[in-house]
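Coordinates from protein-v4.cif are shown below (mmCIF, C-alpha atoms).
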data_upload
loop_
_atom_site.label_atom_id
_atom_site.label_comp_id
_atom_site.auth_asym_id
_atom_site.auth_seq_id
_atom_site.Cartn_x
_atom_site.Cartn_y
_atom_site.Cartn_z
CA MET S 27 -11.95 -1.71 -23.93
CA ALA S 28 -11.88 -2.33 -20.17
CA THR S 29 -9.03 -4.80 -20.64
CA ALA S 30 -7.13 -2.25 -22.76
CA LEU S 31 -7.63 0.30 -19.97
CA LEU S 32 -6.29 -2.21 -17.48
CA ARG S 33 -3.21 -2.86 -19.63
CA CYS S 34 -2.57 0.87 -20.09
CA PHE S 35 -3.00 2.07 -16.53
CA VAL S 36 -2.16 -0.86 -14.30
CA ALA S 37 1.34 -2.26 -14.01
CA GLY S 38 3.07 -4.50 -11.54
CA ARG S 39 3.74 -8.07 -10.64
CA TYR S 40 0.11 -9.22 -10.52
CA ARG S 41 -1.36 -7.40 -13.55
CA ASP S 42 -1.49 -10.59 -15.67
CA ASP S 43 -3.02 -12.54 -12.78
CA LEU S 44 -5.72 -9.91 -12.36
CA GLU S 45 -6.43 -9.96 -16.09
CA GLY S 46 -6.70 -13.77 -16.00
CA ASP S 47 -9.00 -13.65 -12.96
CA LEU S 48 -11.26 -11.12 -14.65
CA LEU S 49 -11.44 -13.24 -17.83
CA GLU S 50 -12.23 -16.32 -15.75
CA GLU S 51 -15.01 -14.59 -13.82
CA TRP S 52 -16.35 -13.06 -17.04
CA ALA S 53 -16.53 -16.54 -18.57
CA ALA S 54 -18.34 -17.72 -15.42
CA GLY S 55 -21.10 -15.18 -16.10
CA ARG S 56 -20.15 -11.94 -14.31
CA THR S 57 -21.76 -8.78 -15.72
CA ALA S 58 -20.07 -6.02 -17.69
CA ALA S 59 -20.76 -3.63 -14.78
CA TRP S 60 -18.84 -5.94 -12.43
CA TYR S 61 -15.94 -6.15 -14.93
CA TRP S 62 -15.77 -2.37 -15.33
CA GLY S 63 -16.02 -1.89 -11.57
CA GLN S 64 -13.06 -4.21 -11.01
CA VAL S 65 -11.02 -2.46 -13.72
CA MET S 66 -11.76 1.03 -12.34
CA HIS S 67 -10.91 -0.16 -8.84
CA ALA S 68 -7.61 -1.58 -10.14
CA VAL S 69 -6.78 1.70 -11.92
CA CYS S 70 -7.50 3.78 -8.76
CA GLU S 71 -5.61 1.30 -6.58
CA HIS S 72 -2.60 1.49 -8.92
CA ALA S 73 -2.72 5.31 -9.03
CA GLY S 74 -2.68 5.36 -5.22
CA PHE S 75 0.24 2.93 -5.23
CA VAL S 76 2.19 5.06 -7.74
CA ILE S 77 1.59 8.21 -5.67
CA ARG S 78 2.75 6.46 -2.48
CA GLN S 79 5.78 4.82 -4.08
CA GLN S 80 6.87 7.65 -6.39
CA ALA S 81 5.66 10.73 -4.57
CA MET S 82 8.76 12.74 -5.53
CA THR S 83 8.41 11.87 -9.24
CA CYS S 84 4.73 12.88 -9.15
CA LEU S 85 5.60 16.16 -7.45
CA ALA S 86 8.48 16.83 -9.88
CA ALA S 87 6.20 16.07 -12.85
CA ALA S 88 3.44 18.35 -11.49
CA LEU S 89 5.96 21.19 -10.95
CA PHE S 90 7.49 20.64 -14.40
CA PHE S 91 4.08 20.76 -16.11
CA CYS S 92 2.95 23.82 -14.11
CA GLY S 93 6.18 25.66 -14.97
CA ALA S 94 6.16 24.64 -18.62
CA LEU S 95 2.47 25.52 -19.06
CA TRP S 96 3.02 28.88 -17.36
CA VAL S 97 5.74 29.63 -19.94
CA ILE S 98 3.83 28.28 -22.95
CA ALA S 99 0.33 29.56 -22.09
CA PRO S 100 0.93 33.20 -23.29
CA LEU S 101 1.75 31.80 -26.74
CA THR S 102 -1.81 30.50 -26.89
CA TYR S 103 -3.35 33.89 -27.76
CA PRO S 104 -1.17 34.52 -30.87
CA VAL S 105 -1.89 30.94 -31.97
CA MET S 106 -5.63 31.58 -31.57
CA ASP S 107 -5.38 34.83 -33.56
CA TRP S 108 -3.46 33.06 -36.32
CA ALA S 109 -6.00 30.18 -36.30
CA ARG S 110 -8.88 32.64 -36.71
CA ALA S 111 -7.09 34.18 -39.66
CA THR S 112 -6.89 30.78 -41.37
CA GLU S 113 -10.61 30.15 -40.88
CA PRO S 114 -11.01 26.89 -42.83
CA LEU S 115 -8.18 25.39 -40.75
CA ARG S 116 -9.16 27.05 -37.44
CA VAL S 117 -10.42 23.88 -35.78
CA MET S 118 -7.43 21.85 -36.97
CA VAL S 119 -4.91 24.43 -35.73
CA LEU S 120 -6.58 24.83 -32.33
CA LEU S 121 -6.99 21.06 -31.83
CA GLY S 122 -3.37 20.55 -32.86
CA TRP S 123 -2.26 23.17 -30.29
CA LEU S 124 -4.51 21.72 -27.58
CA ALA S 125 -3.23 18.17 -28.18
CA GLY S 126 0.34 18.97 -29.24
CA VAL S 127 1.34 20.89 -26.09
CA PRO S 128 0.58 18.03 -23.64
CA VAL S 129 2.14 15.38 -25.90
CA ILE S 130 5.37 17.38 -26.32
CA LEU S 131 5.56 18.24 -22.60
CA GLY S 132 4.87 14.60 -21.70
CA GLY S 133 7.67 13.55 -24.06
CA MET S 134 10.03 16.08 -22.45
CA ALA S 135 9.10 14.86 -18.97
CA GLY S 136 9.80 11.31 -20.12
CA VAL S 137 13.33 12.07 -21.39
CA PRO S 138 15.32 12.30 -18.11
CA GLU S 139 16.34 8.92 -16.81
CA ARG S 140 14.81 9.54 -13.39
CA SER S 141 11.41 10.58 -14.77
CA ARG S 142 10.66 7.66 -17.02
CA ARG S 143 7.86 6.43 -14.83
CA VAL S 144 4.88 7.08 -17.09
CA GLY S 145 2.27 6.58 -14.37
CA ALA S 146 3.84 9.22 -12.15
CA ILE S 147 4.16 11.64 -15.10
CA LEU S 148 0.51 11.12 -15.97
CA ILE S 149 -0.61 11.83 -12.40
CA GLY S 150 1.66 14.89 -12.19
CA ALA S 151 0.25 16.17 -15.49
CA ALA S 152 -3.29 15.63 -14.21
CA PHE S 153 -2.52 17.72 -11.11
CA ALA S 154 -0.97 20.47 -13.25
CA TRP S 155 -3.91 20.56 -15.66
CA LEU S 156 -6.30 21.21 -12.81
CA THR S 157 -4.50 24.43 -11.84
CA PRO S 158 -5.40 27.96 -13.07
CA VAL S 159 -2.15 27.94 -15.12
CA THR S 160 -4.14 26.18 -17.84
CA SER S 161 -6.82 28.88 -18.16
CA PRO S 162 -5.48 30.17 -21.54
CA PHE S 163 -5.93 26.63 -22.88
CA ASN S 164 -9.52 26.71 -21.65
CA PHE S 165 -10.06 29.69 -23.96
CA VAL S 166 -9.02 27.42 -26.84
CA VAL S 167 -11.72 24.95 -25.78
CA CYS S 168 -14.24 27.82 -25.56
CA ASP S 169 -13.17 29.06 -28.99
CA LEU S 170 -13.62 25.57 -30.43
CA CYS S 171 -17.00 25.01 -28.81
CA ALA S 172 -18.62 28.45 -28.90
CA SER S 173 -21.53 28.73 -31.27
CA PRO S 174 -21.98 31.85 -33.43
CA ALA S 175 -24.29 33.15 -30.70
CA GLY S 176 -21.36 32.88 -28.29
CA SER S 177 -22.91 30.46 -25.82
CA GLY S 178 -20.70 29.34 -22.94
CA THR S 179 -18.73 26.13 -22.63
CA PRO S 180 -19.90 23.64 -20.00
CA ASP S 181 -17.50 23.22 -17.04
CA ALA S 182 -17.69 19.44 -17.50
CA LEU S 183 -16.05 19.86 -20.91
CA LEU S 184 -13.18 21.81 -19.37
CA TYR S 185 -12.59 19.03 -16.81
CA LEU S 186 -12.75 16.50 -19.64
CA THR S 187 -10.13 18.54 -21.49
CA SER S 188 -7.90 18.46 -18.39
CA ALA S 189 -8.22 14.68 -18.17
CA ALA S 190 -7.59 14.27 -21.92
CA SER S 191 -4.52 16.54 -21.70
CA ALA S 192 -3.11 14.42 -18.86
CA LEU S 193 -3.69 11.29 -20.94
CA LEU S 194 -1.95 12.91 -23.93
CA ALA S 195 0.99 13.82 -21.68
CA GLY S 196 1.13 10.18 -20.57
CA LEU S 197 1.07 9.16 -24.23
CA GLY S 198 4.02 11.49 -24.95
CA ALA S 199 6.01 10.08 -22.03
CA TRP S 200 5.15 6.51 -23.01
CA THR S 201 6.20 7.13 -26.65
CA VAL S 202 9.57 8.54 -25.57
CA ARG S 203 10.06 5.61 -23.23
CA LYS S 204 9.34 3.17 -26.07
CA LEU S 205 11.48 5.01 -28.61
CA ARG S 206 14.46 5.49 -26.31
CA PRO S 207 15.88 1.93 -26.67
CA ALA S 208 15.40 2.11 -30.46
CA PHE S 209 17.41 5.38 -30.59
CA HIS S 210 20.10 3.88 -28.37
CA THR S 211 20.36 0.79 -30.59
CA HIS S 212 20.44 2.96 -33.74
CA PHE S 213 23.25 5.18 -32.43
CA GLN S 214 25.25 2.26 -31.04
CA GLU S 215 25.08 0.54 -34.42
CA ASN S 216 25.87 3.62 -36.54
CA ILE S 217 28.42 5.49 -34.47
CA PRO S 218 31.84 3.82 -34.47
CA MET Y 17 -8.39 -11.16 6.92
CA VAL Y 18 -6.52 -11.99 3.71
CA LEU Y 19 -3.74 -13.63 5.72
CA LEU Y 20 -6.27 -15.80 7.58
CA ALA Y 21 -7.95 -16.70 4.26
CA VAL Y 22 -4.57 -17.79 2.83
CA TRP Y 23 -4.03 -19.88 5.97
CA ARG Y 24 -7.44 -21.51 5.53
CA LEU Y 25 -7.09 -22.17 1.81
CA LYS Y 26 -3.42 -23.16 1.56
CA PRO Y 27 -1.87 -24.59 -0.53
CA GLU Y 28 -4.62 -23.78 -3.06
CA ALA Y 29 -4.98 -20.10 -2.13
CA HIS Y 30 -5.24 -17.73 -5.07
CA ALA Y 31 -6.81 -14.28 -5.33
CA LEU Y 32 -10.16 -15.49 -6.68
CA SER Y 33 -10.53 -18.22 -4.06
CA ILE Y 34 -9.52 -15.74 -1.33
CA ALA Y 35 -12.17 -13.25 -2.56
CA ARG Y 36 -14.82 -16.00 -2.66
CA GLU Y 37 -13.86 -17.29 0.77
CA ILE Y 38 -14.04 -13.85 2.38
CA GLU Y 39 -17.34 -13.09 0.64
CA GLU Y 40 -18.83 -16.45 1.67
CA ARG Y 41 -17.65 -16.48 5.28
CA CYS Y 42 -17.56 -12.78 6.21
CA GLY Y 43 -20.04 -11.23 3.78
CA TYR Y 44 -17.51 -8.67 2.46
CA SER Y 45 -17.17 -8.27 -1.26
CA LEU Y 46 -13.54 -7.30 -1.89
CA ALA Y 47 -12.21 -6.04 -5.21
CA LEU Y 48 -9.61 -8.31 -6.76
CA ALA Y 49 -7.15 -5.43 -7.14
CA GLY Y 50 -7.44 -4.76 -3.41
CA ILE Y 51 -6.66 -8.40 -2.66
CA TYR Y 52 -3.62 -8.33 -4.97
CA SER Y 53 -2.26 -5.16 -3.37
CA THR Y 54 -2.72 -6.72 0.09
CA LEU Y 55 -0.98 -9.90 -1.09
CA GLU Y 56 1.85 -7.78 -2.48
CA ARG Y 57 2.30 -6.05 0.88
CA LEU Y 58 2.24 -9.41 2.69
CA ARG Y 59 4.85 -10.73 0.24
CA GLU Y 60 7.07 -7.70 0.85
CA LYS Y 61 6.84 -8.41 4.59
CA ARG Y 62 7.83 -12.03 3.80
CA LEU Y 63 4.65 -13.37 5.34
CA ILE Y 64 3.58 -15.23 2.21
CA ASP Y 65 5.27 -17.04 -0.67
CA SER Y 66 3.94 -17.48 -4.18
CA SER Y 67 4.23 -20.11 -6.89
CA ARG Y 68 3.00 -20.20 -10.47
CA GLY Y 69 0.47 -22.74 -11.72
CA GLU Y 70 -0.14 -23.92 -15.26
CA PRO Y 71 -1.56 -21.54 -17.91
CA THR Y 72 -5.20 -22.29 -18.75
CA PRO Y 73 -7.25 -21.33 -21.83
CA ILE Y 74 -10.12 -19.94 -19.72
CA ARG Y 75 -7.68 -17.38 -18.32
CA GLY Y 76 -6.53 -16.39 -21.81
CA GLY Y 77 -3.39 -18.54 -21.48
CA ARG Y 78 -2.32 -16.91 -18.22
CA ALA Y 79 -1.00 -18.88 -15.29
CA ARG Y 80 -2.51 -18.58 -11.85
CA THR Y 81 -0.42 -17.55 -8.83
CA TYR Y 82 -0.85 -19.63 -5.69
CA PHE Y 83 0.00 -18.27 -2.26
CA ASP Y 84 1.20 -20.04 0.85
CA LEU Y 85 2.22 -18.84 4.30
CA THR Y 86 5.87 -18.64 5.23
CA PRO Y 87 6.82 -19.68 8.79
CA ALA Y 88 6.69 -15.98 9.76
CA GLY Y 89 3.29 -15.67 8.08
CA HIS Y 90 2.04 -18.72 9.91
CA ALA Y 91 3.13 -17.23 13.24
CA GLU Y 92 1.49 -13.90 12.35
CA ALA Y 93 -1.78 -15.60 11.34
CA GLN Y 94 -1.76 -17.65 14.54
CA SER Y 95 -1.12 -14.54 16.61
CA THR Y 96 -3.95 -12.63 14.84
CA PHE Y 97 -6.30 -15.55 15.38
CA ASN Y 98 -5.39 -15.75 19.08
CA ALA Y 99 -5.88 -12.00 19.49
CA LEU Y 100 -9.35 -12.22 17.89
CA ALA Y 101 -10.23 -15.19 20.11
CA ARG Y 102 -9.13 -13.25 23.19
CA LEU Y 103 -11.29 -10.29 22.15
CA ALA Y 104 -14.41 -12.41 21.58
CA PRO Y 105 -17.12 -12.09 24.26
CA ARG Y 106 -17.35 -14.98 26.73
CA ALA Y 107 -20.90 -15.75 25.56
CA VAL Y 108 -19.60 -16.44 22.04
CA LEU Y 109 -16.82 -18.73 23.26
CA SER Y 110 -19.12 -20.74 25.53
#
For the file at hand, write its structure as structure tokens.
Amino acid sequence: MATALLRCFVAGRYRDDLEGDLLEEWAAGRTAAWYWGQVMHAVCEHAGFVIRQQAMTCLAAALFFCGALWVIAPLTYPVMDWARATEPLRVMVLLGWLAGVPVILGGMAGVPERSRRVGAILIGAAFAWLTPVTSPFNFVVCDLCASPAGSGTPDALLYLTSAASALLAGLGAWTVRKLRPAFHTHFQENIP
Amino acid sequence: MVLLAVWRLKPEAHALSIAREIEERCGYSLALAGIYSTLERLREKRLIDSSRGEPTPIRGGRARTYFDLTPAGHAEAQSTFNALARLAPRAVLS
């Protein structure tokens, strides 16, 4: 799992070397805690590198997500009302909304040629999801988690939702990036 | 520190050996990712060169990257070493 995390979130010239070094040290008897520590350090180091190298892309992605969420957020309340009306499907509808919005926005952010850098999009999305613009989406989390007695939702869960939304946005951007060459090939082959 | 470690270990300097050397001689435990990002910056400044070794099964079939100083890197390492020597107290040098 740590290696998968490394492959997902760390890119660059020396990623394979780092992976090889970690495997070598693991075989030499290093602990799982050491392995995870190295992976987390690599992820943070790479995030810092992406922010330094692609500051404008990060900023553009953060602004795009803030703007898009500000436009989409008011739609959340009608969706919640509709979900409550379809009670057996309420959880499915709300989870779909909560996950679908970041994936679609991530995909949109990944479409322009200049914004195909998934790491920068992911960081921009993470910044955006920590702003108050996302408060209507927090109500969805509360609606999903609230017990019949109406107990509150822990703040930690809301932060976890923000992190998960950023990851989903990254997934959307990554999917578009992967699909783009396939679309290009398809159209080049089928359009005379 | 990384540059001096490459100088000491060349031509067999690689990230793991650099980390071990620094830990052994200076007592600092550096993360491998930190060493790679430093090596990348040194490479961008053309202070070090790299070459690929042979893939090995213990590394999951991945090759190791070896680092060596360029002439500019050698001059920089020498200059850093001289600066440190000049800063050392007289009692240490005697």
Reference answer for the PyMOL selection byres ((chain S) within 8 of (chain Y)), as JSON, numbers by chain
{"S": [40, 42, 43, 44, 45, 46, 47, 49, 50, 53, 64, 67, 68, 71]}
For the structure provided, state which residues fall under the PyMOL selection byres ((chain Y and resi 90) around 12), and present them as a PDB file with C-alpha atoms, keeping the file's coordinate frame.
ATOM      1  CA  LEU Y  19      -3.740 -13.630   5.720  1.00  0.00           C
ATOM      2  CA  LEU Y  20      -6.270 -15.800   7.580  1.00  0.00           C
ATOM      3  CA  ALA Y  21      -7.950 -16.700   4.260  1.00  0.00           C
ATOM      4  CA  VAL Y  22      -4.570 -17.790   2.830  1.00  0.00           C
ATOM      5  CA  TRP Y  23      -4.030 -19.880   5.970  1.00  0.00           C
ATOM      6  CA  ARG Y  24      -7.440 -21.510   5.530  1.00  0.00           C
ATOM      7  CA  LYS Y  26      -3.420 -23.160   1.560  1.00  0.00           C
ATOM      8  CA  LEU Y  58       2.240  -9.410   2.690  1.00  0.00           C
ATOM      9  CA  ARG Y  62       7.830 -12.030   3.800  1.00  0.00           C
ATOM     10  CA  LEU Y  63       4.650 -13.370   5.340  1.00  0.00           C
ATOM     11  CA  ILE Y  64       3.580 -15.230   2.210  1.00  0.00           C
ATOM     12  CA  ASP Y  65       5.270 -17.040  -0.670  1.00  0.00           C
ATOM     13  CA  ASP Y  84       1.200 -20.040   0.850  1.00  0.00           C
ATOM     14  CA  LEU Y  85       2.220 -18.840   4.300  1.00  0.00           C
ATOM     15  CA  THR Y  86       5.870 -18.640   5.230  1.00  0.00           C
ATOM     16  CA  PRO Y  87       6.820 -19.680   8.790  1.00  0.00           C
ATOM     17  CA  ALA Y  88       6.690 -15.980   9.760  1.00  0.00           C
ATOM     18  CA  GLY Y  89       3.290 -15.670   8.080  1.00  0.00           C
ATOM     19  CA  ALA Y  91       3.130 -17.230  13.240  1.00  0.00           C
ATOM     20  CA  GLU Y  92       1.490 -13.900  12.350  1.00  0.00           C
ATOM     21  CA  ALA Y  93      -1.780 -15.600  11.340  1.00  0.00           C
ATOM     22  CA  GLN Y  94      -1.760 -17.650  14.540  1.00  0.00           C
ATOM     23  CA  SER Y  95      -1.120 -14.540  16.610  1.00  0.00           C
ATOM     24  CA  THR Y  96      -3.950 -12.630  14.840  1.00  0.00           C
ATOM     25  CA  PHE Y  97      -6.300 -15.550  15.380  1.00  0.00           C
TER      26      PHE Y  97
END
What are the centre and edge lengths in Å, to one decimal, of the axis-aligned box around all listed atoms of range 44-50 of chain S with 3 Å added on each side, as AutoDock Vina command-line options?
--center_x -9.0 --center_y -13.1 --center_z -15.1 --size_x 12.5 --size_y 12.4 --size_z 11.5
As a ChimeraX atom specification, please: the residues near Arg116 in chain S (cut-off 9 Å, all atoms listed in the file, same-chain neighbours under 6 positions excluded).
/S:106,108-110,170
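Relative to CA of Tyr103 in chain S, CA of Val202 in chain S is found at 28.5 Å.
Minimum atom-to-atom distance to Ser66 in chain Y, evaluated using only C-alpha atoms, belongs to Y:Ala29 out of Y:Pro105, Y:Ala29, Y:Thr54, Y:Ile34.
In this model, the gap between CA of Ala73 in chain S and CA of Ala192 in chain S comes to 13.4 Å.
Distance check against Leu193 in chain S using all atoms listed in the file: of S:Pro128, S:Gly136, S:Gly74, S:Pro180, the minimum falls on S:Pro128.
Taking CA of Ala99 in chain S and CA of Pro114 in chain S as endpoints, the distance between them is 23.8 Å.
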Residues returned when the PyMOL selection byres ((chain S and resi 144) around 9) runs on this file, as JSON, numbers by chain:
{"S": [132, 136, 141, 142, 143, 145, 146, 147, 148, 149, 196, 197, 199, 200, 203]}
Between Y:Ala101, Y:Phe83, Y:Arg57, Y:Val18, which is the closest to Cys42 in chain Y once you count only C-alpha atoms?
Y:Val18
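Counting only C-alpha atoms, the residue from S:Trp123, S:Trp60, S:Trp52, S:Phe165 that sits nearest to Ile98 in chain S is S:Trp123.
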Got a sec: who's within 7 Å of range 28-30 of chain S, counting only C-alpha atoms, leaving out chain neighbours fewer than 2 positions off, as JSON, numbers by chain?
{"S": [32, 33, 34, 62, 65]}
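In terms of minimum interatomic distance to Pro162 in chain S, S:Pro100 ranks closest within S:Gly198, S:Gly150, S:Pro100, S:Gly133, counting all atoms listed in the file.
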